[in-house]
>>> print(open('final_8.txt').read())   # compact mmCIF, C-alpha atoms
# COMPACT_ATOMS: atom_id res chain seq x y z
CA MET R 1 0.00 0.00 0.00
CA THR R 2 1.23 3.46 -0.84
CA ALA R 3 2.37 5.52 2.12
CA PHE R 4 1.28 9.15 2.03
CA ALA R 5 2.66 12.12 3.98
CA ARG R 6 6.14 10.83 4.64
CA PRO R 7 7.87 12.97 7.30
CA ASP R 8 10.94 13.56 5.11
CA ARG R 9 10.80 13.60 1.32
CA ARG R 10 14.18 15.19 0.68
CA PRO R 11 15.71 13.13 -2.15
CA THR R 12 18.87 11.18 -1.45
CA LEU R 13 22.05 11.64 -3.45
CA ARG R 14 21.57 8.25 -5.11
CA SER R 15 18.00 8.99 -6.20
CA LEU R 16 19.01 12.44 -7.46
CA ALA R 17 21.81 10.95 -9.55
CA SER R 18 19.58 8.28 -11.13
CA LEU R 19 16.70 10.66 -11.84
CA LEU R 20 18.93 13.33 -13.34
CA ALA R 21 20.75 10.70 -15.42
CA GLY R 22 17.44 9.55 -16.96
CA ARG R 23 16.35 13.06 -17.91
CA THR R 24 19.81 14.03 -19.16
CA ALA R 25 19.96 10.93 -21.36
CA PHE R 26 16.61 11.87 -22.87
CA ARG R 27 17.67 15.45 -23.63
CA LEU R 28 21.01 14.39 -25.06
CA ALA R 29 19.31 11.75 -27.22
CA LEU R 30 16.91 14.40 -28.50
CA LEU R 31 19.75 16.80 -29.26
CA GLY R 32 21.88 14.12 -30.96
CA ALA R 33 18.93 12.88 -33.00
CA ASN R 34 18.20 16.39 -34.30
CA ALA R 35 21.83 16.76 -35.35
CA VAL R 36 21.38 13.57 -37.39
CA LEU R 37 18.11 14.86 -38.85
CA LEU R 38 19.71 18.13 -39.94
CA ALA R 39 22.64 16.31 -41.52
CA ARG R 40 20.41 13.84 -43.42
CA TRP R 41 17.59 16.15 -44.48
CA GLY R 42 19.55 19.37 -44.99
CA GLU R 43 18.29 22.80 -43.97
CA ALA R 44 15.47 22.77 -46.52
CA GLY R 45 14.07 19.48 -45.25
CA TYR R 46 14.73 20.19 -41.58
CA GLU R 47 13.05 23.62 -41.54
CA PRO R 48 9.41 22.41 -41.71
CA TYR R 49 10.11 19.77 -39.03
CA ALA R 50 11.70 22.38 -36.74
CA ALA R 51 8.84 24.82 -37.31
CA ALA R 52 6.21 22.16 -36.54
CA MET R 53 7.93 20.88 -33.39
CA GLY R 54 8.77 24.36 -32.13
CA THR R 55 5.23 25.65 -32.62
CA ALA R 56 3.70 22.57 -30.96
CA GLN R 57 5.91 22.92 -27.88
CA VAL R 58 3.28 24.89 -25.99
CA LEU R 59 0.96 21.84 -26.04
CA THR R 60 3.38 19.99 -23.76
CA THR R 61 2.84 22.66 -21.13
CA LEU R 62 -0.90 23.00 -21.74
CA THR R 63 -1.47 19.29 -21.19
CA THR R 64 0.42 19.36 -17.91
CA LEU R 65 -1.19 22.65 -16.75
CA GLY R 66 0.70 22.66 -13.47
CA ILE R 67 -0.57 19.19 -12.55
CA GLU R 68 2.90 17.77 -11.98
CA LYS R 69 3.84 20.70 -9.73
CA SER R 70 0.61 20.38 -7.77
CA ALA R 71 1.15 16.65 -7.29
CA LEU R 72 4.68 17.13 -6.01
CA LYS R 73 3.49 19.85 -3.65
CA LEU R 74 0.27 18.32 -2.35
CA VAL R 75 0.45 14.52 -2.46
CA PRO R 76 3.50 14.07 -0.18
CA ARG R 77 1.82 16.37 2.36
CA ALA R 78 -1.56 14.66 2.29
CA LEU R 79 -2.64 12.39 5.13
CA ARG R 80 -6.01 10.84 4.36
CA THR R 81 -6.66 12.48 1.00
CA GLY R 82 -3.67 11.22 -0.96
CA PRO R 83 -5.56 8.69 -3.12
CA GLN R 84 -8.29 11.24 -3.84
CA LEU R 85 -5.69 13.80 -4.92
CA ILE R 86 -4.17 11.24 -7.29
CA THR R 87 -7.62 10.62 -8.75
CA VAL R 88 -8.31 14.33 -9.37
CA LEU R 89 -4.87 14.98 -10.87
CA LEU R 90 -4.87 11.87 -13.06
CA VAL R 91 -8.36 12.51 -14.45
CA SER R 92 -7.46 16.15 -15.09
CA ALA R 93 -4.37 15.16 -17.08
CA LEU R 94 -6.30 12.64 -19.16
CA LEU R 95 -9.09 15.13 -19.89
CA LEU R 96 -6.64 17.85 -20.93
CA THR R 97 -4.78 15.48 -23.23
CA GLY R 98 -8.03 14.21 -24.73
CA ALA R 99 -9.18 17.77 -25.40
CA ALA R 100 -5.85 18.61 -27.06
CA VAL R 101 -6.04 15.51 -29.27
CA LEU R 102 -9.60 16.30 -30.37
CA TRP R 103 -8.66 19.91 -31.11
CA LEU R 104 -5.62 18.87 -33.15
CA VAL R 105 -7.54 16.33 -35.21
CA GLY R 106 -10.41 18.75 -35.81
CA THR R 107 -8.03 21.54 -36.83
CA ALA R 108 -6.14 19.25 -39.21
CA LEU R 109 -9.36 18.12 -40.90
CA PHE R 110 -10.57 21.71 -41.15
CA VAL R 111 -7.32 22.96 -42.69
CA GLN R 112 -7.11 20.03 -45.10
CA SER R 113 -10.62 20.72 -46.34
CA PHE R 114 -9.29 23.95 -47.85
CA GLY R 115 -6.81 22.03 -49.97
CA PHE R 116 -3.58 22.80 -48.12
CA GLY R 117 -0.59 20.45 -48.50
CA GLY R 118 -1.23 17.02 -47.05
CA SER R 119 2.32 16.38 -45.84
CA THR R 120 2.50 19.73 -44.05
CA VAL R 121 -0.81 19.12 -42.30
CA ALA R 122 0.21 15.57 -41.38
CA LEU R 123 3.53 16.73 -39.94
CA GLY R 124 1.84 19.46 -37.92
CA LEU R 125 -0.74 17.00 -36.59
CA LEU R 126 1.88 14.43 -35.58
CA ALA R 127 4.07 17.08 -33.95
CA GLY R 128 1.10 18.38 -31.96
CA LEU R 129 0.05 14.89 -30.87
CA TYR R 130 3.62 14.11 -29.80
CA ALA R 131 3.84 17.33 -27.78
CA ALA R 132 0.50 16.61 -26.08
CA LEU R 133 1.40 13.02 -25.22
CA LEU R 134 4.83 14.08 -23.99
CA GLY R 135 3.09 16.48 -21.60
CA LEU R 136 0.88 13.64 -20.39
CA ASN R 137 3.97 11.48 -19.96
CA THR R 138 5.53 14.17 -17.77
CA VAL R 139 2.44 14.24 -15.55
CA LEU R 140 2.25 10.46 -15.22
CA VAL R 141 5.85 10.05 -14.11
CA GLY R 142 5.45 13.10 -11.86
CA LEU R 143 2.53 11.38 -10.14
CA CYS R 144 4.74 8.31 -9.73
CA ARG R 145 7.43 10.44 -8.09
CA SER R 146 4.88 12.02 -5.77
CA LEU R 147 4.14 8.46 -4.60
CA ASP R 148 7.89 7.88 -4.09
CA ARG R 149 8.13 5.59 -7.13
CA ASN R 150 11.23 7.15 -8.63
CA ARG R 151 12.18 4.05 -10.58
CA ALA R 152 9.23 4.54 -12.94
CA ASP R 153 10.61 7.97 -13.89
CA VAL R 154 14.11 6.63 -14.59
CA LEU R 155 12.89 3.69 -16.69
CA ASN R 156 10.43 5.87 -18.60
CA PHE R 157 13.02 8.35 -19.80
CA ALA R 158 15.56 5.65 -20.53
CA ALA R 159 12.95 4.05 -22.81
CA LEU R 160 12.14 7.43 -24.42
CA SER R 161 15.83 7.91 -25.14
CA LEU R 162 15.91 4.52 -26.85
CA VAL R 163 12.83 5.39 -28.93
CA ILE R 164 14.43 8.62 -30.14
CA ALA R 165 17.77 6.95 -30.86
CA THR R 166 16.15 4.19 -32.91
CA GLY R 167 14.13 6.83 -34.78
CA ALA R 168 17.35 8.63 -35.65
CA GLY R 169 18.71 5.29 -36.84
CA GLY R 170 15.67 4.92 -39.09
CA VAL R 171 16.37 8.34 -40.60
CA SER R 172 20.04 7.57 -41.13
CA LEU R 173 19.74 3.97 -42.36
CA LEU R 174 16.26 3.70 -43.85
CA GLY R 175 15.83 7.22 -45.19
CA TRP R 176 12.81 8.15 -43.06
CA GLY R 177 11.40 11.62 -43.60
CA PRO R 178 9.99 14.05 -41.02
CA VAL R 179 6.53 12.43 -41.01
CA ALA R 180 7.88 8.91 -40.42
CA PHE R 181 10.28 10.01 -37.67
CA THR R 182 7.63 12.06 -35.84
CA GLY R 183 5.16 9.19 -36.11
CA TRP R 184 7.74 6.80 -34.63
CA ILE R 185 8.46 8.89 -31.52
CA LEU R 186 4.73 9.59 -31.16
CA GLY R 187 3.95 5.86 -31.09
CA GLY R 188 6.72 5.16 -28.57
CA THR R 189 5.51 7.92 -26.25
CA ALA R 190 1.91 6.64 -26.44
CA LEU R 191 3.00 3.10 -25.46
CA LEU R 192 4.99 4.40 -22.49
CA ASN R 193 1.97 6.39 -21.30
CA LEU R 194 -0.17 3.26 -21.40
CA ALA R 195 2.46 1.41 -19.37
CA GLN R 196 2.20 3.97 -16.53
CA LEU R 197 -1.58 3.87 -16.13
CA PRO R 198 -2.20 0.55 -14.29
CA ALA R 199 -0.02 1.38 -11.27
CA LEU R 200 -1.48 4.89 -11.01
CA TYR R 201 -5.02 3.55 -11.26
CA ARG R 202 -4.34 1.29 -8.28
CA ALA R 203 -3.19 4.33 -6.29
CA THR R 204 -6.40 6.30 -6.86
CA GLY R 205 -9.17 6.64 -4.29
CA ARG R 206 -12.90 7.01 -4.76
CA PRO R 207 -15.26 8.70 -4.10
CA VAL R 208 -13.62 12.11 -4.34
CA ARG R 209 -14.98 14.74 -1.98
CA GLY R 210 -16.18 17.92 -3.60
CA GLY R 211 -14.06 20.14 -1.34
CA ILE R 212 -10.87 18.77 -2.86
CA VAL R 213 -11.45 19.36 -6.56
CA ARG R 214 -11.69 23.14 -6.71
CA PRO R 215 -8.59 24.00 -4.59
CA VAL R 216 -6.48 21.45 -6.47
CA MET R 217 -7.60 22.79 -9.85
CA THR R 218 -6.95 26.39 -8.77
CA THR R 219 -3.48 25.49 -7.55
CA SER R 220 -2.69 23.64 -10.77
CA ALA R 221 -3.86 26.53 -12.94
CA LEU R 222 -1.85 29.14 -11.04
CA MET R 223 1.30 27.04 -10.90
CA ALA R 224 1.00 26.39 -14.64
CA CYS R 225 1.10 30.06 -15.62
CA GLY R 226 4.88 30.31 -15.56
CA ASP R 227 5.37 27.23 -17.72
CA ILE R 228 2.60 28.22 -20.10
CA ALA R 229 4.09 31.68 -20.48
CA ALA R 230 7.56 30.27 -21.21
CA SER R 231 6.36 27.70 -23.74
CA GLY R 232 3.84 30.07 -25.25
CA THR R 233 6.51 32.71 -25.75
CA VAL R 234 8.75 30.25 -27.59
CA SER R 235 5.91 28.97 -29.76
CA LEU R 236 4.68 32.44 -30.72
CA LEU R 237 8.22 33.61 -31.49
CA PHE R 238 8.58 30.58 -33.78
CA VAL R 239 5.41 31.66 -35.57
CA LEU R 240 6.73 35.20 -35.97
CA LEU R 241 10.09 33.97 -37.23
CA GLY R 242 8.50 31.54 -39.69
CA ALA R 243 6.34 34.31 -41.11
CA SER R 244 9.23 36.78 -41.47
CA ARG R 245 11.83 37.16 -44.20
CA HIS R 246 14.28 35.36 -41.88
CA HIS R 247 12.27 32.12 -41.94
CA GLU R 248 15.39 30.14 -42.94
CA GLN R 249 16.69 30.77 -39.39
CA THR R 250 13.91 28.68 -37.86
CA GLY R 251 16.18 25.64 -37.75
CA HIS R 252 18.89 27.68 -36.01
CA LEU R 253 16.46 28.77 -33.30
CA TYR R 254 15.08 25.25 -32.82
CA LEU R 255 18.55 23.74 -32.44
CA MET R 256 19.37 26.45 -29.91
CA ILE R 257 16.23 25.65 -27.93
CA LEU R 258 17.12 21.94 -27.95
CA ALA R 259 20.71 22.57 -26.87
CA SER R 260 19.69 24.87 -24.03
CA SER R 261 16.89 22.54 -22.93
CA VAL R 262 19.47 20.07 -21.62
CA LEU R 263 20.58 22.65 -19.07
CA LEU R 264 17.31 24.50 -18.46
CA ASN R 265 15.14 21.41 -18.12
CA GLY R 266 17.74 19.79 -15.90
CA PHE R 267 17.65 22.85 -13.65
CA GLY R 268 13.86 22.92 -13.56
CA TYR R 269 13.70 19.19 -12.91
CA LEU R 270 16.13 19.54 -10.01
CA LEU R 271 13.90 22.22 -8.49
CA ARG R 272 10.88 19.91 -8.77
CA LEU R 273 12.76 17.12 -7.02
CA PHE R 274 13.13 19.36 -3.97
CA GLN R 275 9.66 20.91 -4.28
CA PRO R 276 7.92 18.89 -1.53
CA HIS R 277 10.60 19.90 0.98
CA VAL R 278 10.64 23.54 -0.17
CA SER R 279 6.86 23.96 -0.13
CA LEU R 280 6.65 22.61 3.42
CA THR R 281 9.41 24.99 4.51
CA LEU R 282 7.81 28.04 2.90
CA ARG R 283 4.24 27.24 3.95
CA SER R 284 4.45 29.41 7.08
CA VAL R 285 7.14 31.83 5.95
CA ASP R 286 7.24 35.25 7.62
CA PRO R 287 6.10 37.97 5.15
CA ALA R 288 8.92 40.30 6.22
CA SER R 289 11.52 37.62 5.63
CA LEU R 290 10.02 36.79 2.24
CA ASP R 291 10.02 40.46 1.29
CA ARG R 292 13.63 40.91 2.37
CA ARG R 293 15.08 37.75 0.82
CA VAL R 294 13.05 37.41 -2.39
CA VAL R 295 10.73 40.29 -3.31
CA ARG R 296 13.28 43.09 -2.90
CA ARG R 297 15.67 41.33 -5.27
CA LEU R 298 13.26 41.40 -8.21
CA LEU R 299 13.92 44.97 -9.38
CA PRO R 300 17.75 44.77 -9.20
CA VAL R 301 17.61 41.50 -11.15
CA ALA R 302 15.36 43.12 -13.77
CA ALA R 303 17.59 46.18 -14.12
CA VAL R 304 20.79 44.18 -14.51
CA GLY R 305 19.01 41.75 -16.86
CA ALA R 306 17.80 44.55 -19.15
CA VAL R 307 21.27 46.07 -19.49
CA TRP R 308 22.89 42.65 -19.91
CA SER R 309 20.42 41.56 -22.62
CA ALA R 310 20.84 44.76 -24.63
CA GLY R 311 24.62 44.53 -24.42
CA SER R 312 24.60 40.85 -25.41
CA LEU R 313 22.47 41.59 -28.47
CA TRP R 314 24.78 44.38 -29.58
CA LEU R 315 27.87 42.21 -29.07
CA MET R 316 26.52 39.21 -31.00
CA TRP R 317 25.06 41.35 -33.76
CA SER R 318 28.38 43.13 -34.24
CA ALA R 319 30.30 39.85 -34.24
CA GLU R 320 27.95 38.33 -36.82
CA GLN R 321 28.08 41.37 -39.07
CA ALA R 322 31.88 41.35 -38.91
CA GLY R 323 31.94 37.69 -39.92
CA LEU R 324 33.56 36.54 -36.66
CA VAL R 325 30.87 33.95 -35.95
CA PRO R 326 28.32 32.22 -38.22
CA PRO R 327 24.62 32.99 -37.64
CA PRO R 328 23.76 29.70 -35.83
CA VAL R 329 26.65 30.18 -33.39
CA ALA R 330 25.63 33.80 -32.80
CA VAL R 331 22.10 32.73 -31.88
CA LEU R 332 23.41 30.04 -29.52
CA LEU R 333 25.90 32.38 -27.82
CA LEU R 334 23.24 35.06 -27.41
CA TYR R 335 20.98 32.58 -25.68
CA VAL R 336 23.82 31.28 -23.49
CA LEU R 337 24.46 34.85 -22.33
CA GLY R 338 20.79 35.10 -21.33
CA ILE R 339 20.75 31.89 -19.29
CA PRO R 340 21.88 33.55 -16.00
CA LEU R 341 18.89 35.89 -16.19
CA ILE R 342 16.51 33.01 -16.95
CA PHE R 343 17.93 30.98 -14.06
CA THR R 344 17.68 33.87 -11.61
CA VAL R 345 14.11 34.88 -12.47
CA GLY R 346 13.11 31.20 -12.53
CA SER R 347 14.54 30.63 -9.06
CA LEU R 348 12.74 33.65 -7.60
CA ASN R 349 9.51 32.55 -9.29
CA TYR R 350 9.99 29.05 -7.83
CA LEU R 351 10.21 30.44 -4.29
CA LEU R 352 7.25 32.76 -4.76
CA GLU R 353 4.89 30.14 -6.17
CA ASN R 354 5.68 27.78 -3.28
CA ALA R 355 5.33 30.43 -0.56
CA THR R 356 1.91 32.01 0.08
CA PRO R 357 -1.34 32.28 -1.89
CA HIS R 358 -0.65 35.99 -2.55
CA THR R 359 2.81 35.37 -3.99
CA LEU R 360 1.51 32.47 -6.09
CA ARG R 361 -1.16 34.68 -7.67
CA ALA R 362 1.25 37.55 -8.21
CA THR R 363 3.93 35.50 -9.95
CA ALA R 364 1.31 33.74 -12.09
CA VAL R 365 -0.09 37.06 -13.35
CA SER R 366 3.37 38.53 -13.89
CA ALA R 367 4.45 35.48 -15.90
CA LEU R 368 1.57 36.04 -18.30
CA GLY R 369 2.51 39.72 -18.46
CA GLY R 370 6.03 38.66 -19.44
CA LEU R 371 4.53 36.61 -22.28
CA VAL R 372 2.67 39.64 -23.61
CA CYS R 373 5.78 41.81 -23.38
CA ALA R 374 7.96 39.26 -25.20
CA VAL R 375 5.47 38.85 -28.05
CA LEU R 376 4.93 42.60 -28.47
CA LEU R 377 8.67 43.20 -28.59
CA GLY R 378 9.07 40.23 -30.93
CA LEU R 379 6.69 41.86 -33.41
CA PHE R 380 9.41 44.49 -33.97
CA LEU R 381 12.66 42.61 -33.31
CA VAL R 382 11.98 39.36 -35.20
CA PRO R 383 11.22 40.96 -38.59
CA ALA R 384 14.24 43.23 -38.17
CA LEU R 385 16.85 40.86 -36.70
CA GLY R 386 15.55 37.33 -37.19
CA ALA R 387 16.49 34.64 -34.65
CA PRO R 388 18.66 37.00 -32.52
CA GLY R 389 15.65 39.28 -32.18
CA ALA R 390 13.55 36.32 -31.01
CA VAL R 391 16.11 35.44 -28.33
CA THR R 392 16.25 39.07 -27.16
CA ALA R 393 12.45 39.21 -26.95
CA LEU R 394 12.56 36.02 -24.89
CA THR R 395 14.94 37.50 -22.31
CA ALA R 396 12.94 40.75 -22.29
CA GLY R 397 9.94 38.69 -21.21
CA GLU R 398 11.93 37.51 -18.18
CA VAL R 399 12.75 41.11 -17.28
CA ALA R 400 9.09 42.09 -17.54
CA HIS R 401 8.13 39.07 -15.39
CA ALA R 402 10.40 40.28 -12.59
CA VAL R 403 9.23 43.90 -12.80
CA LEU R 404 5.53 43.01 -12.78
CA ALA R 405 5.97 40.59 -9.88
CA ARG R 406 7.67 43.32 -7.85
CA LEU R 407 4.90 45.82 -8.61
CA LEU R 408 2.18 43.37 -7.63
CA LEU R 409 3.88 42.08 -4.50
CA ARG R 410 4.75 45.51 -3.19
CA SER R 411 1.18 46.29 -2.23
CA ARG R 412 0.30 42.70 -1.37
CA THR R 413 3.27 42.34 0.95
CA PHE R 414 2.48 45.50 2.84
CA ARG R 415 -1.19 44.59 3.20
CA SER R 416 -0.40 41.13 4.49
CA ARG R 417 2.26 42.44 6.89
CA ALA R 418 0.31 45.37 8.36
CA PRO R 419 -2.31 43.54 10.45
CA SER R 420 -0.10 40.63 11.42
CA THR R 421 1.76 41.86 14.53
CA PRO R 422 -0.57 44.05 16.68
CA PRO R 423 -3.59 41.69 16.81
CA LEU R 424 -1.41 38.81 17.97
CA ARG R 425 -0.49 40.70 21.11
CA SER R 426 -4.11 41.43 22.05
CA ARG R 427 -5.39 37.94 21.63
CA ALA R 428 -6.15 35.50 24.37
CA PRO R 429 -3.48 33.00 25.42
CA SER R 430 -2.46 30.59 22.73
CA THR R 431 -3.80 27.62 24.68
CA ARG R 432 -7.34 28.54 23.68
CA THR R 433 -6.57 28.14 19.97
CA THR R 434 -4.45 25.02 20.18
CA THR R 435 -5.72 22.34 17.80
CA PRO R 436 -5.95 18.83 19.24
CA PRO R 437 -3.39 16.47 17.75
CA THR R 438 -6.08 14.16 16.45
CA ALA R 439 -7.94 16.83 14.50
CA ARG R 440 -6.81 16.49 10.88
CA PRO R 441 -8.38 18.23 7.94
CA THR R 442 -9.97 16.22 5.17
CA VAL R 443 -8.22 18.42 2.63
CA PRO R 444 -4.51 19.36 2.68
CA THR R 445 -4.16 22.55 4.70
CA ASP R 446 -2.08 24.50 2.19
CA LEU R 447 -3.24 24.01 -1.36
CA GLY R 448 -1.79 27.29 -2.51
CA ALA R 449 -5.25 28.36 -3.64
CA PRO R 450 -6.61 31.84 -2.98
CA ARG R 451 -8.44 32.10 0.31
>>> encode(input="final_8.txt", output="structure tokens")
Amino acid sequence: MTAFARPDRRPTLRSLASLLAGRTAFRLALLGANAVLLARWGEAGYEPYAAAMGTAQVLTTLTTLGIEKSALKLVPRALRTGPQLITVLLVSALLLTGAAVLWLVGTALFVQSFGFGGSTVALGLLAGLYAALLGLNTVLVGLCRSLDRNRADVLNFAALSLVIATGAGGVSLLGWGPVAFTGWILGGTALLNLAQLPALYRATGRPVRGGIVRPVMTTSALMACGDIAASGTVSLLFVLLGASRHHEQTGHLYLMILASSVLLNGFGYLLRLFQPHVSLTLRSVDPASLDRRVVRRLLPVAAVGAVWSAGSLWLMWSAEQAGLVPPPVAVLLLYVLGIPLIFTVGSLNYLLENATPHTLRATAVSALGGLVCAVLLGLFLVPALGAPGAVTALTAGEVAHAVLARLLLRSRTFRSRAPSTPPLRSRAPSTRTTTPPTARPTVPTDLGAPR
């Protein structure tokens, strides 16, 4: 029987090494496979594949919708409601994926009815289905980790790495095209998802009480905003780049995203491994301490990030114009220079979304504001500069995220701090409000939902 609410869920060094090795192998396999695809298909053949996969990336985030984060935050903390939480989260993931699949199929049929190219529509459909099922796969293994079944995560991504490697072999040895390769990795991902379902079904609990569903869904939606904004920004910038006169740079941008994903996804995955421990630590954080250690650092980070991004763009643009570096290398170096900003804002966002309901709402709204800022700036930079303009717009979105979070939390922090100290001194002795040890709530006490 699955044990819920373990007193200590801090991962051991051995489990961290095995989990990180599985994810790293998957990312490296994906990067190596795309190098093979580019070499075999050439830039002309690789461009439509890169455009389809890059545009569909947002579906991976939409089908997770913060469910993995919510599971890692709530399930380890739950006492009696763990199986019911698994039920709500699992059903939510399946419904989201089903809706994405129906929308993709309906859109493909609608577009094809107007006589557009069959291969282009087929590739876009397969790329979208793969992105949606990969998001579902992320949720399923995340639910397994929330139940302390780390082995399922390691085996899953080892198998995904094998699927991608064999697909690259099919391209190299059998001459597969983009449609065949995408269909192969789609089928492998679907089979791995089916393999995860029986064990998770046995961990569910029914009936589910009505008081659980709404807070869990609210938490999932708010915690998803940062990921949706990041993926949505990338997808929309791909659309802008593909529609511009620099559309031949789409492959450069996609390879850059793949190369950086090894580092960025590894960093994000490491944060999620520690999320149960961090969320328990920050559940009762003092507002003054949170303001001093996190909130006040947002504006300095944004200011330094804005200057750094502008200087990096000028440096790479000058180097490319002078012929010192080829365009693909310039795009990659520009993104590498922006990684410290992305890491810093991501770390602050991670602390804020795991702290209090106010900080969770504020960072969710500011993440969406960063998306809007990046796209608006991309409307000017991408047509003018191409892929370097897209990367600059991406980092500008991170700057806007930090600025908006600071503006929102400034008033929220002061409001939450003002009434906290005086009333405590005028209350009756604390023995009157002590909760008996046996009184346990039927719903986890800190769902991160607005109260």
>>> atom_distance(input="final_8.txt", atom1="CA of Ala364 (chain R)", atom2="CA of Gly386 (chain R)")
29.1 Å
>>> closest_residue(input="final_8.txt", among="R:Gly175, R:Gly124, R:Pro198, R:Gly226", to="Tyr350 (chain R)", atoms="only C-alpha atoms")
R:Gly226
>>> closest_residue(input="final_8.txt", among="R:Ala190, R:Val88, R:Ala44, R:Cys225", to="Asn349 (chain R)", atoms="only C-alpha atoms")
R:Cys225
>>> residues_around(input="final_8.txt", residues="Leu299 (chain R)", least_positions_apart="4", cutoff="12 Å", atoms="only C-alpha atoms", output="mmCIF file with C-alpha atoms, in the frame of the given file")
data_model
loop_
_atom_site.group_PDB
_atom_site.id
_atom_site.type_symbol
_atom_site.label_atom_id
_atom_site.label_comp_id
_atom_site.auth_asym_id
_atom_site.auth_seq_id
_atom_site.Cartn_x
_atom_site.Cartn_y
_atom_site.Cartn_z
ATOM 1 C CA VAL R 294 13.050 37.410 -2.390
ATOM 2 C CA VAL R 295 10.730 40.290 -3.310
ATOM 3 C CA ALA R 303 17.590 46.180 -14.120
ATOM 4 C CA VAL R 304 20.790 44.180 -14.510
ATOM 5 C CA GLY R 305 19.010 41.750 -16.860
ATOM 6 C CA ALA R 306 17.800 44.550 -19.150
ATOM 7 C CA THR R 344 17.680 33.870 -11.610
ATOM 8 C CA VAL R 345 14.110 34.880 -12.470
ATOM 9 C CA LEU R 348 12.740 33.650 -7.600
ATOM 10 C CA GLU R 398 11.930 37.510 -18.180
ATOM 11 C CA VAL R 399 12.750 41.110 -17.280
ATOM 12 C CA ALA R 400 9.090 42.090 -17.540
ATOM 13 C CA HIS R 401 8.130 39.070 -15.390
ATOM 14 C CA ALA R 402 10.400 40.280 -12.590
ATOM 15 C CA VAL R 403 9.230 43.900 -12.800
ATOM 16 C CA LEU R 404 5.530 43.010 -12.780
ATOM 17 C CA ALA R 405 5.970 40.590 -9.880
ATOM 18 C CA ARG R 406 7.670 43.320 -7.850
ATOM 19 C CA LEU R 407 4.900 45.820 -8.610
ATOM 20 C CA LEU R 408 2.180 43.370 -7.630
ATOM 21 C CA LEU R 409 3.880 42.080 -4.500
ATOM 22 C CA ARG R 410 4.750 45.510 -3.190
#
>>> residues_near_point(input="final_8.txt", point="(4.1, 14.9, -27.7)", cutoff="9 Å", atoms="all atoms listed in the file", output="short mmCIF file (atom, residue, chain, number, x, y, z; two decimals) with C-alpha atoms, keeping the file's coordinate frame")
data_model
loop_
_atom_site.label_atom_id
_atom_site.label_comp_id
_atom_site.auth_asym_id
_atom_site.auth_seq_id
_atom_site.Cartn_x
_atom_site.Cartn_y
_atom_site.Cartn_z
CA ALA R 56 3.70 22.57 -30.96
CA GLN R 57 5.91 22.92 -27.88
CA LEU R 59 0.96 21.84 -26.04
CA THR R 60 3.38 19.99 -23.76
CA LEU R 126 1.88 14.43 -35.58
CA ALA R 127 4.07 17.08 -33.95
CA GLY R 128 1.10 18.38 -31.96
CA LEU R 129 0.05 14.89 -30.87
CA TYR R 130 3.62 14.11 -29.80
CA ALA R 131 3.84 17.33 -27.78
CA ALA R 132 0.50 16.61 -26.08
CA LEU R 133 1.40 13.02 -25.22
CA LEU R 134 4.83 14.08 -23.99
CA GLY R 135 3.09 16.48 -21.60
CA LEU R 136 0.88 13.64 -20.39
CA ASN R 137 3.97 11.48 -19.96
CA ILE R 185 8.46 8.89 -31.52
CA LEU R 186 4.73 9.59 -31.16
CA THR R 189 5.51 7.92 -26.25
CA ALA R 190 1.91 6.64 -26.44
#
>>> residues_around(input="final_8.txt", residues="Leu313 (chain R)", least_positions_apart="3", cutoff="8 Å", atoms="all atoms listed in the file", output="tab-separated table (two decimals) with C-alpha atoms, keeping the file's coordinate frame")
chain	number	residue	atom	x	y	z
R	309	SER	CA	20.42	41.56	-22.62
R	310	ALA	CA	20.84	44.76	-24.63
R	316	MET	CA	26.52	39.21	-31.00
R	317	TRP	CA	25.06	41.35	-33.76
R	334	LEU	CA	23.24	35.06	-27.41
R	388	PRO	CA	18.66	37.00	-32.52
R	392	THR	CA	16.25	39.07	-27.16
>>> closest_residue(input="final_8.txt", among="R:Phe157, R:Trp176, R:Trp308, R:Tyr49", to="Thr250 (chain R)", atoms="only C-alpha atoms")
R:Tyr49
>>> closest_atom_pairs(input="final_8.txt", of="region 176-264 of chain R", to="region 61-72 of chain R", cutoff="10 Å", atoms="all atoms listed in the file", output="Markdown table")
| residue | atom | partner | partner_atom | distance |
| --- | --- | --- | --- | --- |
| R:Val216 | CA | R:Ser70 | CA | 7.3 |
| R:Met217 | CA | R:Ile67 | CA | 8.3 |
| R:Thr218 | CA | R:Ser70 | CA | 9.7 |
| R:Thr219 | CA | R:Ser70 | CA | 6.5 |
| R:Ser220 | CA | R:Gly66 | CA | 4.4 |
| R:Ala221 | CA | R:Gly66 | CA | 6.0 |
| R:Leu222 | CA | R:Gly66 | CA | 7.4 |
| R:Met223 | CA | R:Gly66 | CA | 5.1 |
| R:Ala224 | CA | R:Gly66 | CA | 3.9 |
| R:Cys225 | CA | R:Gly66 | CA | 7.7 |
| R:Gly226 | CA | R:Gly66 | CA | 9.0 |
| R:Asp227 | CA | R:Thr61 | CA | 6.2 |
| R:Ile228 | CA | R:Thr61 | CA | 5.7 |
| R:Ala229 | CA | R:Thr61 | CA | 9.1 |
| R:Ala230 | CA | R:Thr61 | CA | 9.0 |
| R:Ser231 | CA | R:Thr61 | CA | 6.7 |
| R:Gly232 | CA | R:Thr61 | CA | 8.5 |
>>> closest_residue(input="final_8.txt", among="R:Pro300, R:Leu258, R:Ile164, R:Ala374", to="Leu236 (chain R)", atoms="all atoms listed in the file")
R:Ala374
>>> residues_around(input="final_8.txt", residues="region 147-156 of chain R", least_positions_apart="4", cutoff="9 Å", atoms="all atoms listed in the file", output="VMD selection string")
chain R and resid 2 to 4 9 15 18 to 23 72 75 to 76 137 to 138 140 to 143 160 to 161 192 to 193 196 203
